[in-house]
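Source file: coords-v1.cif. Holds: mmCIF, C-alpha atoms.
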```
data_model
loop_
_atom_site.label_atom_id
_atom_site.label_comp_id
_atom_site.auth_asym_id
_atom_site.auth_seq_id
_atom_site.Cartn_x
_atom_site.Cartn_y
_atom_site.Cartn_z
CA MET A 1 -7.98 15.25 -20.00
CA SER A 2 -8.25 18.68 -21.52
CA ARG A 3 -5.42 19.62 -23.83
CA PRO A 4 -4.95 22.83 -25.78
CA SER A 5 -5.84 22.54 -29.46
CA THR A 6 -5.75 26.19 -30.55
CA TYR A 7 -3.48 27.39 -33.32
CA SER A 8 -0.50 29.48 -32.20
CA PRO A 9 -0.22 32.78 -34.13
CA SER A 10 3.55 32.66 -33.95
CA ASP A 11 3.49 29.51 -36.06
CA GLN A 12 1.52 31.46 -38.66
CA TYR A 13 4.10 34.25 -38.57
CA LEU A 14 6.95 31.77 -39.09
CA VAL A 15 5.16 30.15 -42.03
CA GLU A 16 4.58 33.54 -43.66
CA GLN A 17 8.22 34.50 -43.20
CA VAL A 18 9.40 31.27 -44.84
CA LEU A 19 6.96 31.71 -47.72
CA GLN A 20 8.25 35.23 -48.27
CA GLY A 21 11.73 33.80 -48.81
CA ASP A 22 13.25 33.85 -45.31
CA THR A 23 14.16 30.16 -45.38
CA ALA A 24 16.33 30.49 -42.26
CA ARG A 25 13.05 30.68 -40.33
CA PHE A 26 12.32 27.13 -41.37
CA GLY A 27 15.00 26.05 -38.89
CA GLU A 28 12.79 27.42 -36.11
CA ILE A 29 9.90 25.35 -37.40
CA VAL A 30 12.17 22.27 -37.37
CA ASN A 31 13.28 22.98 -33.81
CA ARG A 32 9.70 23.44 -32.64
CA THR A 33 8.45 20.21 -34.14
CA LYS A 34 11.46 17.89 -34.07
CA GLY A 35 10.33 16.25 -30.80
CA LEU A 36 7.12 15.08 -32.43
CA VAL A 37 8.78 14.06 -35.71
CA THR A 38 11.58 12.23 -33.90
CA GLN A 39 9.04 10.42 -31.76
CA ILE A 40 7.12 9.23 -34.84
CA VAL A 41 10.24 8.24 -36.78
CA PHE A 42 11.85 6.37 -33.90
CA LYS A 43 8.67 4.50 -33.02
CA LEU A 44 7.64 3.54 -36.55
CA ILE A 45 10.99 2.87 -38.22
CA PRO A 46 12.79 -0.22 -36.95
CA HIS A 47 16.11 0.40 -38.75
CA PRO A 48 18.09 3.14 -36.98
CA ALA A 49 20.24 3.79 -40.07
CA ASP A 50 17.20 4.88 -42.09
CA ARG A 51 15.84 7.34 -39.53
CA PRO A 52 18.04 10.42 -40.23
CA ASP A 53 17.26 10.43 -43.98
CA LEU A 54 13.57 9.91 -43.30
CA ALA A 55 13.47 12.79 -40.81
CA GLN A 56 15.16 14.99 -43.40
CA ASP A 57 12.71 13.89 -46.11
CA ILE A 58 9.79 14.73 -43.85
CA TYR A 59 10.96 18.31 -43.42
CA LEU A 60 11.80 18.73 -47.09
CA LYS A 61 8.27 17.60 -47.94
CA ALA A 62 6.87 20.01 -45.37
CA PHE A 63 8.95 22.82 -46.86
CA ARG A 64 7.81 22.06 -50.42
CA HIS A 65 4.14 21.98 -49.41
CA LEU A 66 4.26 24.83 -46.90
CA ALA A 67 2.26 27.12 -49.19
CA GLY A 68 -0.58 24.59 -49.00
CA PHE A 69 -0.75 24.72 -45.20
CA ARG A 70 -4.04 26.44 -44.43
CA HIS A 71 -3.70 26.88 -40.65
CA GLN A 72 -6.79 24.71 -40.06
CA ALA A 73 -4.71 22.56 -37.71
CA LYS A 74 -1.64 23.27 -35.61
CA LEU A 75 1.55 23.42 -37.64
CA SER A 76 3.02 20.63 -35.49
CA THR A 77 0.00 18.40 -36.21
CA TRP A 78 0.32 19.06 -39.94
CA ILE A 79 4.04 18.18 -39.90
CA GLY A 80 3.26 15.18 -37.70
CA GLN A 81 0.82 13.98 -40.35
CA ILE A 82 3.52 14.30 -43.02
CA ALA A 83 5.91 12.38 -40.75
CA TYR A 84 3.42 9.60 -40.14
CA ASN A 85 2.53 9.23 -43.82
CA THR A 86 6.19 9.30 -44.88
CA CYS A 87 6.99 6.54 -42.39
CA LEU A 88 4.00 4.47 -43.54
CA HIS A 89 5.17 4.83 -47.12
CA TYR A 90 8.62 3.63 -46.06
CA LEU A 91 7.11 0.63 -44.24
CA GLU A 92 5.03 -0.23 -47.29
CA LYS A 93 8.09 -0.08 -49.52
CA LYS A 94 10.07 -2.30 -47.15
CA ARG A 95 7.04 -4.58 -46.63
CA LEU A 96 7.24 -4.18 -42.86
CA LEU A 97 4.40 -4.42 -40.35
CA LEU A 98 1.57 -2.01 -41.01
CA PRO A 99 -1.31 -0.95 -38.78
CA GLY A 100 -4.10 -3.52 -38.78
CA GLU A 101 -1.82 -6.47 -39.59
CA PRO A 102 -1.83 -9.55 -37.38
CA GLY A 103 1.14 -8.50 -35.26
CA LEU A 104 -1.05 -6.06 -33.39
CA GLU A 105 -3.44 -8.73 -32.15
CA ALA A 106 -0.61 -11.11 -31.27
CA ALA A 107 1.00 -8.48 -29.10
CA GLU A 108 -2.02 -8.10 -26.89
CA THR A 109 -3.21 -11.69 -26.57
CA GLY A 110 -0.01 -13.62 -27.07
CA PRO A 111 0.75 -16.69 -24.98
CA GLY A 112 2.43 -16.05 -21.69
CA ALA A 113 0.50 -12.86 -20.95
CA PRO A 114 -0.50 -13.32 -17.33
CA ALA A 115 -3.90 -12.62 -15.85
CA LEU A 116 -3.62 -9.17 -14.33
CA LEU A 117 -4.64 -10.00 -10.80
CA ALA A 118 -2.60 -13.20 -10.70
CA VAL A 119 0.59 -11.21 -10.17
CA ALA A 120 1.94 -11.66 -6.67
CA PRO A 121 1.94 -8.51 -4.54
CA GLU A 122 5.71 -8.59 -4.06
CA VAL A 123 6.18 -8.71 -7.84
CA GLU A 124 3.75 -5.82 -8.18
CA ALA A 125 5.75 -3.83 -5.69
CA ARG A 126 8.94 -4.42 -7.63
CA LEU A 127 7.22 -4.09 -10.99
CA PHE A 128 5.92 -0.62 -10.36
CA GLY A 129 8.67 0.48 -8.05
CA GLN A 130 11.52 2.84 -8.79
CA ASP A 131 13.18 0.71 -11.46
CA LEU A 132 10.19 0.85 -13.82
CA THR A 133 11.72 3.66 -15.88
CA ALA A 134 14.79 1.55 -16.55
CA VAL A 135 12.84 -1.30 -18.16
CA LEU A 136 10.19 0.82 -19.79
CA ALA A 137 12.14 1.72 -22.93
CA ALA A 138 12.96 -1.94 -23.62
CA GLU A 139 9.37 -3.02 -23.09
CA ILE A 140 7.96 -0.23 -25.28
CA ASP A 141 10.37 -1.32 -27.98
CA LYS A 142 8.76 -4.78 -28.02
CA LEU A 143 5.34 -3.35 -28.92
CA PRO A 144 4.11 -3.14 -32.55
CA PRO A 145 5.11 0.14 -34.25
CA LEU A 146 1.63 1.66 -34.17
CA TYR A 147 1.22 0.99 -30.45
CA LYS A 148 4.63 2.46 -29.71
CA THR A 149 3.74 5.54 -31.74
CA LEU A 150 0.38 6.08 -30.03
CA ILE A 151 1.94 5.76 -26.59
CA GLY A 152 4.69 8.22 -27.54
CA LEU A 153 2.27 10.75 -28.99
CA TYR A 154 -0.21 10.60 -26.12
CA HIS A 155 1.96 10.12 -23.05
CA GLN A 156 5.19 11.81 -24.07
CA GLN A 157 4.19 14.44 -26.63
CA GLU A 158 0.92 14.96 -24.72
CA LEU A 159 -1.21 15.27 -27.84
CA SER A 160 -5.00 15.00 -27.59
CA TYR A 161 -6.94 12.11 -29.10
CA ALA A 162 -8.17 14.51 -31.81
CA GLU A 163 -4.62 15.54 -32.73
CA ILE A 164 -3.45 11.93 -32.87
CA ALA A 165 -6.48 11.08 -35.01
CA HIS A 166 -5.52 13.92 -37.35
CA ILE A 167 -1.90 12.76 -37.62
CA THR A 168 -2.69 9.09 -38.15
CA SER A 169 -5.91 9.59 -40.17
CA LEU A 170 -7.57 7.09 -37.84
CA PRO A 171 -11.01 7.74 -36.32
CA GLU A 172 -10.78 9.14 -32.78
CA GLY A 173 -12.55 6.07 -31.38
CA THR A 174 -10.00 3.81 -33.03
CA VAL A 175 -7.16 5.84 -31.55
CA LYS A 176 -8.69 5.45 -28.07
CA SER A 177 -9.21 1.74 -28.60
CA TYR A 178 -5.65 1.15 -29.89
CA LEU A 179 -4.20 3.24 -27.09
CA PHE A 180 -6.11 1.22 -24.51
CA ARG A 181 -4.79 -2.01 -26.02
CA ALA A 182 -1.27 -0.61 -26.26
CA ARG A 183 -1.19 0.34 -22.59
CA LYS A 184 -2.65 -3.01 -21.58
CA ALA A 185 -0.09 -4.84 -23.73
CA LEU A 186 2.72 -2.74 -22.28
CA LYS A 187 1.64 -3.41 -18.70
CA GLU A 188 1.29 -7.14 -19.35
CA SER A 189 4.63 -7.23 -21.14
CA ILE A 190 6.36 -5.63 -18.16
CA GLU A 191 4.63 -8.05 -15.80
CA ALA A 192 5.60 -11.02 -17.95
CA THR A 193 9.23 -9.93 -18.06
CA TYR A 194 9.38 -9.54 -14.32
CA GLN A 195 7.75 -12.91 -13.72
CA ARG A 196 10.29 -14.55 -16.03
CA ASP A 197 13.10 -12.87 -14.14
CA GLU A 198 11.67 -14.05 -10.86
CA LEU A 199 11.70 -17.72 -11.92
CA MET B 1 -25.07 -4.96 -3.62
CA ASN B 2 -21.94 -6.47 -5.17
CA THR B 3 -20.19 -4.27 -7.72
CA PRO B 4 -17.90 -6.12 -10.17
CA HIS B 5 -14.20 -5.26 -10.25
CA LEU B 6 -13.04 -2.49 -12.57
CA SER B 7 -12.57 -3.61 -16.13
CA GLU B 8 -9.17 -3.01 -17.69
CA GLN B 9 -10.54 0.00 -19.56
CA GLN B 10 -12.14 1.45 -16.42
CA ALA B 11 -8.86 0.99 -14.52
CA GLN B 12 -7.03 2.96 -17.21
CA GLN B 13 -9.67 5.70 -17.26
CA TRP B 14 -9.60 5.91 -13.48
CA ALA B 15 -5.81 6.11 -13.42
CA GLU B 16 -5.95 8.94 -15.93
CA ASN B 17 -8.84 10.87 -14.45
CA ALA B 18 -10.41 9.58 -11.24
CA SER B 19 -12.98 12.36 -11.14
CA SER B 20 -14.68 11.03 -14.28
CA ALA B 21 -15.78 7.79 -12.54
CA ASP B 22 -19.34 7.41 -11.27
CA ALA B 23 -20.22 7.13 -7.58
CA THR B 24 -20.92 3.37 -7.58
CA LEU B 25 -17.53 2.56 -9.07
CA ALA B 26 -15.85 4.99 -6.72
CA ALA B 27 -17.43 3.29 -3.71
CA HIS B 28 -16.23 -0.07 -4.99
CA VAL B 29 -12.67 1.06 -5.61
CA TRP B 30 -12.34 2.64 -2.17
CA ALA B 31 -13.33 -0.72 -0.65
CA CYS B 32 -11.43 -3.03 -3.04
CA PRO B 33 -7.64 -3.42 -2.62
CA ALA B 34 -7.36 -5.39 -5.90
CA CYS B 35 -8.90 -2.57 -7.94
CA GLN B 36 -6.86 0.01 -6.06
CA ARG B 37 -3.73 -1.91 -6.98
CA ARG B 38 -4.70 -2.08 -10.66
CA VAL B 39 -5.38 1.62 -10.74
CA ALA B 40 -2.12 2.34 -8.91
CA ASP B 41 -0.23 0.18 -11.42
CA TYR B 42 -1.59 2.18 -14.34
CA GLN B 43 -0.91 5.46 -12.56
CA ALA B 44 2.69 4.38 -12.03
CA LEU B 45 2.94 3.32 -15.66
CA PHE B 46 1.53 6.62 -16.98
CA SER B 47 3.79 8.60 -14.70
CA ALA B 48 6.84 6.65 -15.84
CA LEU B 49 5.85 7.11 -19.49
CA LYS B 50 5.57 10.85 -19.02
CA THR B 51 9.02 11.18 -17.51
CA ALA B 52 10.76 8.56 -19.67
CA PRO B 53 13.61 9.91 -21.83
CA GLN B 54 12.41 10.83 -25.30
CA PRO B 55 14.17 9.69 -28.46
CA ALA B 56 16.53 12.20 -30.06
CA PHE B 57 18.90 12.30 -33.02
CA ASP B 58 22.60 12.70 -32.25
CA PHE B 59 22.97 15.47 -34.84
CA ASN B 60 21.44 18.88 -35.43
CA LEU B 61 18.33 18.12 -37.47
CA ALA B 62 17.57 21.78 -38.22
CA ALA B 63 21.07 22.36 -39.62
CA ARG B 64 20.90 19.20 -41.70
CA VAL B 65 17.54 20.21 -43.17
CA ALA B 66 18.71 23.78 -43.79
CA GLY B 67 21.57 22.44 -45.92
CA GLN B 68 19.11 20.66 -48.20
CA LEU B 69 16.35 23.25 -48.62
CA PRO B 70 15.45 23.91 -52.24
CA GLY B 71 14.65 27.40 -53.52
CA VAL B 72 11.43 28.72 -52.15
CA THR B 73 8.57 29.37 -54.56
CA ARG B 74 7.90 32.99 -53.86
CA ALA B 75 4.52 34.60 -54.09
CA PHE B 76 3.78 36.38 -57.38
CA PRO B 77 5.25 39.90 -57.02
CA TRP B 78 2.03 41.90 -57.51
CA ALA B 79 3.48 44.93 -55.73
CA PHE B 80 6.40 45.16 -58.14
CA ILE B 81 4.11 44.66 -61.13
CA ALA B 82 1.80 47.46 -59.92
CA LEU B 83 4.76 49.80 -59.34
CA GLY B 84 6.15 49.03 -62.80
CA GLY B 85 2.75 49.67 -64.36
CA LEU B 86 2.50 53.03 -62.64
CA GLY B 87 5.97 53.97 -63.82
CA LEU B 88 5.18 52.98 -67.40
CA ALA B 89 1.90 54.94 -67.32
CA PHE B 90 3.78 57.99 -66.05
CA ALA B 91 6.40 57.69 -68.82
CA LEU B 92 3.66 57.35 -71.47
CA ALA B 93 1.89 60.41 -70.08
CA VAL B 94 5.11 62.42 -70.27
CA VAL B 95 5.74 61.31 -73.87
CA ALA B 96 2.13 62.00 -74.87
CA SER B 97 2.16 65.48 -73.38
CA GLY B 98 5.48 66.36 -75.07
CA TRP B 99 4.75 64.47 -78.28
CA ALA B 100 4.34 67.58 -80.46
CA ALA B 101 7.67 69.04 -79.29
CA LEU B 102 9.50 65.71 -79.87
CA ARG B 103 8.02 65.47 -83.37
CA GLN B 104 9.27 68.95 -84.27
CA LEU B 105 12.73 68.05 -82.93
CA PHE B 106 12.99 64.90 -85.09
CA GLN B 107 11.71 66.72 -88.18
CA ALA B 108 14.24 69.47 -87.67
CA ALA B 109 17.20 67.10 -87.25
CA SER B 110 19.04 66.01 -90.38
CA ALA B 111 18.98 62.40 -91.58
CA GLY B 112 22.72 62.13 -90.77
CA ALA B 113 22.21 63.12 -87.13
CA VAL B 114 19.42 60.55 -86.72
CA ALA B 115 21.64 57.82 -88.25
CA LEU B 116 24.55 58.79 -85.97
CA GLY B 117 22.31 58.64 -82.89
CA THR B 118 20.98 55.24 -83.89
CA VAL B 119 24.49 53.80 -84.43
CA LEU B 120 25.63 55.13 -81.04
CA ALA B 121 22.65 53.61 -79.26
CA VAL B 122 23.10 50.21 -80.95
CA SER B 123 26.86 50.25 -80.15
CA VAL B 124 26.22 50.90 -76.45
CA VAL B 125 23.66 48.07 -76.28
CA LEU B 126 26.04 45.67 -78.10
CA ALA B 127 28.97 46.58 -75.80
CA TYR B 128 26.87 45.87 -72.70
CA GLY B 129 25.64 42.60 -74.18
CA LEU B 130 29.15 41.37 -75.01
CA GLU B 131 30.46 42.39 -71.56
CA MET B 132 27.67 40.36 -69.89
CA LEU B 133 28.37 37.35 -72.11
CA PHE B 134 32.12 37.33 -71.32
CA ARG B 135 31.48 37.78 -67.59
CA HIS B 136 29.03 34.84 -67.60
CA ARG B 137 31.62 32.63 -69.36
CA ARG B 138 34.34 33.55 -66.84
CA GLN B 139 32.03 32.76 -63.90
CA THR B 140 31.01 29.44 -65.43
CA GLU B 141 34.67 28.42 -65.90
CA ILE B 142 35.51 29.33 -62.28
CA PHE B 143 32.43 27.50 -61.01
CA LEU B 144 33.21 24.33 -62.97
CA SER B 145 36.77 24.26 -61.64
CA LEU B 146 35.55 24.17 -57.98
CA PRO B 147 35.25 20.91 -56.02
CA ARG B 148 31.78 19.34 -56.27
CA GLU B 149 30.70 20.12 -52.69
CA LEU B 150 31.63 23.80 -53.07
CA GLN B 151 29.68 23.96 -56.33
CA HIS B 152 26.66 22.63 -54.45
CA ASP B 153 26.94 25.14 -51.61
CA GLY B 154 27.52 28.00 -53.99
CA ALA B 155 24.59 27.02 -56.14
CA GLN B 156 22.20 26.73 -53.21
CA PRO B 157 19.38 29.12 -54.11
CA VAL B 158 18.34 29.62 -50.51
#
```

Reformat the file's structure so that it appears as structure tokens.
Amino acid sequence: MSRPSTYSPSDQYLVEQVLQGDTARFGEIVNRTKGLVTQIVFKLIPHPADRPDLAQDIYLKAFRHLAGFRHQAKLSTWIGQIAYNTCLHYLEKKRLLLPGEPGLEAAETGPGAPALLAVAPEVEARLFGQDLTAVLAAEIDKLPPLYKTLIGLYHQQELSYAEIAHITSLPEGTVKSYLFRARKALKESIEATYQRDEL
Amino acid sequence: MNTPHLSEQQAQQWAENASSADATLAAHVWACPACQRRVADYQALFSALKTAPQPAFDFNLAARVAGQLPGVTRAFPWAFIALGGLGLAFALAVVASGWAALRQLFQAASAGAVALGTVLAVSVVLAYGLEMLFRHRRQTEIFLSLPRELQHDGAQPV
């Protein structure tokens, strides 16, 4: 999949305007990047009440460090990196699940995960029929935070592997590997749910 | 020759980009309903993910952030410094060129006139200073009498 990774000059213009004192322009930066930041915050932070303050903190950090942004990456990727690190810091403080902890492995090989081809054709038809969208959100929510985030960034924000690697500070190969596992776990989770419902 | 079924990873790659698969795998998939189904499942999953509703806050994030922005650290005003330097140099040049005339003027003036001029100048500076001090006190008193949230908005150095 080829995805654009070039820096948009209009982002540079906005940054310069904000640095010259036109702070109202920062609102445009927020509006341009809030989809990505919201995606990261919602997927990584399990407590809904903490999300608004975290999202605000992310942008205040971005504002304070804006002069240090060197345009080597897209502005959205840079803010995404701040969002990801801020959320990780929050998870560390709250001692919640972090990337690489056992929960990730359990999610992909947990008991009850059916063999892929053992699913009956009629279940398959229903599983990937029109009502998939309705159950998808609930099934994504059951995944570990890192998996949820990677799926959101790749499939919904349509970021490239390189951009996700930049945001998460993970090697590109690791991002691919985690994303593969996340999608497999999601598919198996949906299948397992449907099989339970069928019984 | 028997080709094994697609691995989970190959099924995902195929679902994402079928053209990247090699010819042997392609021949197998076209002849294997099980692999076709696996690929179709992933394609359906990816398609549903793409169109799934994205999370969103139920408030205006940009407005909330704007209300909390601290004062921006502005770039050092080199342009103003350069302009001020030029102005100062010009003033010095004017004084230097007319220095002889100014000296004659001061020497000609009586000691009383010089003292009167000095007192006038000091009085004007003192009057301005006191006026600024009283105005600052009045503004501080008004500011401190405002409700806390209004103080915050008014003090926002944005």

Original post:
Using all atoms listed in the file, which of A:Leu54, A:Ala137, A:Ala49, A:Ala165 sits nearest chain B?
Top reply: A:Ala137

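Using all atoms listed in the file for every distance, the candidate list B:Tyr42, B:Phe90, B:Trp78, B:Trp99 yields B:Tyr42 as the residue closest to chain A.
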
Can you build me a table of chain B residues sitting at most 9 Å from chain A, with the closest atom pair per residue and its distance in Å to one decimal, using only C-alpha atoms, sorted by chain and residue number, as a tab-separated table?
```
residue	atom	partner	partner_atom	distance
B:Glu8	CA	A:Lys184	CA	7.6
B:Gln9	CA	A:Phe180	CA	6.8
B:Gln12	CA	A:Phe180	CA	7.6
B:Glu16	CA	A:Met1	CA	7.8
B:Asn17	CA	A:Met1	CA	7.1
B:Ala34	CA	A:Leu117	CA	7.3
B:Arg37	CA	A:Glu124	CA	8.5
B:Arg38	CA	A:Leu117	CA	7.9
B:Ala40	CA	A:Phe128	CA	8.7
B:Asp41	CA	A:Phe128	CA	6.3
B:Tyr42	CA	A:Lys187	CA	7.8
B:Ala44	CA	A:Phe128	CA	6.2
B:Leu45	CA	A:Phe128	CA	7.2
B:Phe46	CA	A:His155	CA	7.0
B:Ser47	CA	A:His155	CA	8.7
B:Ala48	CA	A:Thr133	CA	5.7
B:Leu49	CA	A:His155	CA	6.1
B:Lys50	CA	A:Gln156	CA	5.2
B:Thr51	CA	A:Gln156	CA	7.6
B:Ala52	CA	A:Thr133	CA	6.3
B:Pro53	CA	A:Ala137	CA	8.4
B:Gln54	CA	A:Gln39	CA	7.3
B:Pro55	CA	A:Gln39	CA	6.1
B:Ala56	CA	A:Thr38	CA	6.3
B:Phe57	CA	A:Thr38	CA	7.4
B:Phe59	CA	A:Pro52	CA	8.9
B:Leu61	CA	A:Gln56	CA	7.4
B:Ala62	CA	A:Gly27	CA	5.0
B:Ala63	CA	A:Gly27	CA	7.1
B:Arg64	CA	A:Gln56	CA	7.3
B:Val65	CA	A:Gln56	CA	5.7
B:Ala66	CA	A:Gly27	CA	6.6
B:Gln68	CA	A:Leu60	CA	7.6
B:Leu69	CA	A:Leu60	CA	6.6
B:Pro70	CA	A:Arg64	CA	8.1
B:Gly71	CA	A:Gly21	CA	8.5
B:Val72	CA	A:Gly21	CA	6.1
B:Thr73	CA	A:Leu19	CA	7.4
B:Arg74	CA	A:Gln20	CA	6.0
B:Ala75	CA	A:Gln20	CA	6.9
B:Val158	CA	A:Thr23	CA	6.6
```

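The interatomic distance for the pair CA of Val114 in chain B and CA of Ala91 in chain B works out to 22.3 Å.
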
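You will find CA of Leu44 in chain A at 18.7 Å from CA of Ala62 in chain A.
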
Original post:
Taking the file as shown, what set of residues would the PyMOL selection byres ((chain B and resi 25) around 12) give back, as an NGL selection string?
Top reply: :B and (1-7 or 10-11 or 13-14 or 18-24 or 26-32 or 35-36)

Original post:
Pick from A:Thr174, A:Glu188, A:Thr33, A:Lys148: nearest to Gly80 in chain A, with all atoms listed in the file counted?
Top reply: A:Thr33

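Atom to atom, CA of Tyr84 in chain A and CA of Thr168 in chain A stand 6.4 Å apart.
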
Subject >> Long-range neighbours of Phe69 in chain A as a list in words, 9 Å cut-off, all atoms listed in the file, 6 positions minimum in chain >> reply: Val15, Ala62, Leu75 and Trp78 of chain A

Residue completion, range 111-133 of chain B, N, CA and C atoms, as a short mmCIF file (atom, residue, chain, number, x, y, z; two decimals), in the frame of the given file:
```cif
data_model
loop_
_atom_site.label_atom_id
_atom_site.label_comp_id
_atom_site.auth_asym_id
_atom_site.auth_seq_id
_atom_site.Cartn_x
_atom_site.Cartn_y
_atom_site.Cartn_z
N ALA B 111 18.97 63.87 -91.48
CA ALA B 111 18.98 62.40 -91.58
C ALA B 111 20.29 61.85 -91.03
N GLY B 112 21.40 62.58 -91.26
CA GLY B 112 22.72 62.13 -90.77
C GLY B 112 22.77 62.08 -89.26
N ALA B 113 22.19 63.08 -88.61
CA ALA B 113 22.21 63.12 -87.13
C ALA B 113 21.41 61.97 -86.56
N VAL B 114 20.25 61.67 -87.20
CA VAL B 114 19.42 60.55 -86.72
C VAL B 114 20.18 59.23 -86.87
N ALA B 115 20.88 59.05 -88.01
CA ALA B 115 21.64 57.82 -88.25
C ALA B 115 22.76 57.69 -87.23
N LEU B 116 23.46 58.82 -86.95
CA LEU B 116 24.55 58.79 -85.97
C LEU B 116 24.03 58.39 -84.58
N GLY B 117 22.92 58.96 -84.20
CA GLY B 117 22.31 58.64 -82.89
C GLY B 117 21.96 57.17 -82.80
N THR B 118 21.38 56.66 -83.89
CA THR B 118 20.98 55.24 -83.89
C THR B 118 22.19 54.32 -83.74
N VAL B 119 23.27 54.62 -84.50
CA VAL B 119 24.49 53.80 -84.43
C VAL B 119 25.07 53.82 -83.03
N LEU B 120 25.10 55.00 -82.41
CA LEU B 120 25.63 55.13 -81.04
C LEU B 120 24.83 54.26 -80.06
N ALA B 121 23.51 54.37 -80.17
CA ALA B 121 22.65 53.61 -79.26
C ALA B 121 22.85 52.11 -79.42
N VAL B 122 22.91 51.64 -80.69
CA VAL B 122 23.10 50.21 -80.95
C VAL B 122 24.46 49.76 -80.44
N SER B 123 25.51 50.62 -80.61
CA SER B 123 26.86 50.25 -80.15
C SER B 123 26.89 50.08 -78.63
N VAL B 124 26.24 50.99 -77.92
CA VAL B 124 26.22 50.90 -76.45
C VAL B 124 25.53 49.60 -76.01
N VAL B 125 24.40 49.29 -76.63
CA VAL B 125 23.66 48.07 -76.28
C VAL B 125 24.51 46.83 -76.56
N LEU B 126 25.20 46.81 -77.72
CA LEU B 126 26.04 45.67 -78.10
C LEU B 126 27.20 45.51 -77.11
N ALA B 127 27.84 46.63 -76.74
CA ALA B 127 28.97 46.58 -75.80
C ALA B 127 28.54 45.98 -74.48
N TYR B 128 27.39 46.41 -73.97
CA TYR B 128 26.87 45.87 -72.70
C TYR B 128 26.58 44.38 -72.83
N GLY B 129 25.98 44.01 -73.95
CA GLY B 129 25.64 42.60 -74.18
C GLY B 129 26.87 41.71 -74.19
N LEU B 130 27.92 42.16 -74.92
CA LEU B 130 29.15 41.37 -75.01
C LEU B 130 29.83 41.26 -73.64
N GLU B 131 29.86 42.38 -72.92
CA GLU B 131 30.46 42.39 -71.56
C GLU B 131 29.76 41.37 -70.67
N MET B 132 28.43 41.31 -70.71
CA MET B 132 27.67 40.36 -69.89
C MET B 132 27.98 38.92 -70.30
N LEU B 133 28.09 38.71 -71.60
CA LEU B 133 28.37 37.35 -72.11
C LEU B 133 29.73 36.86 -71.62
#
```
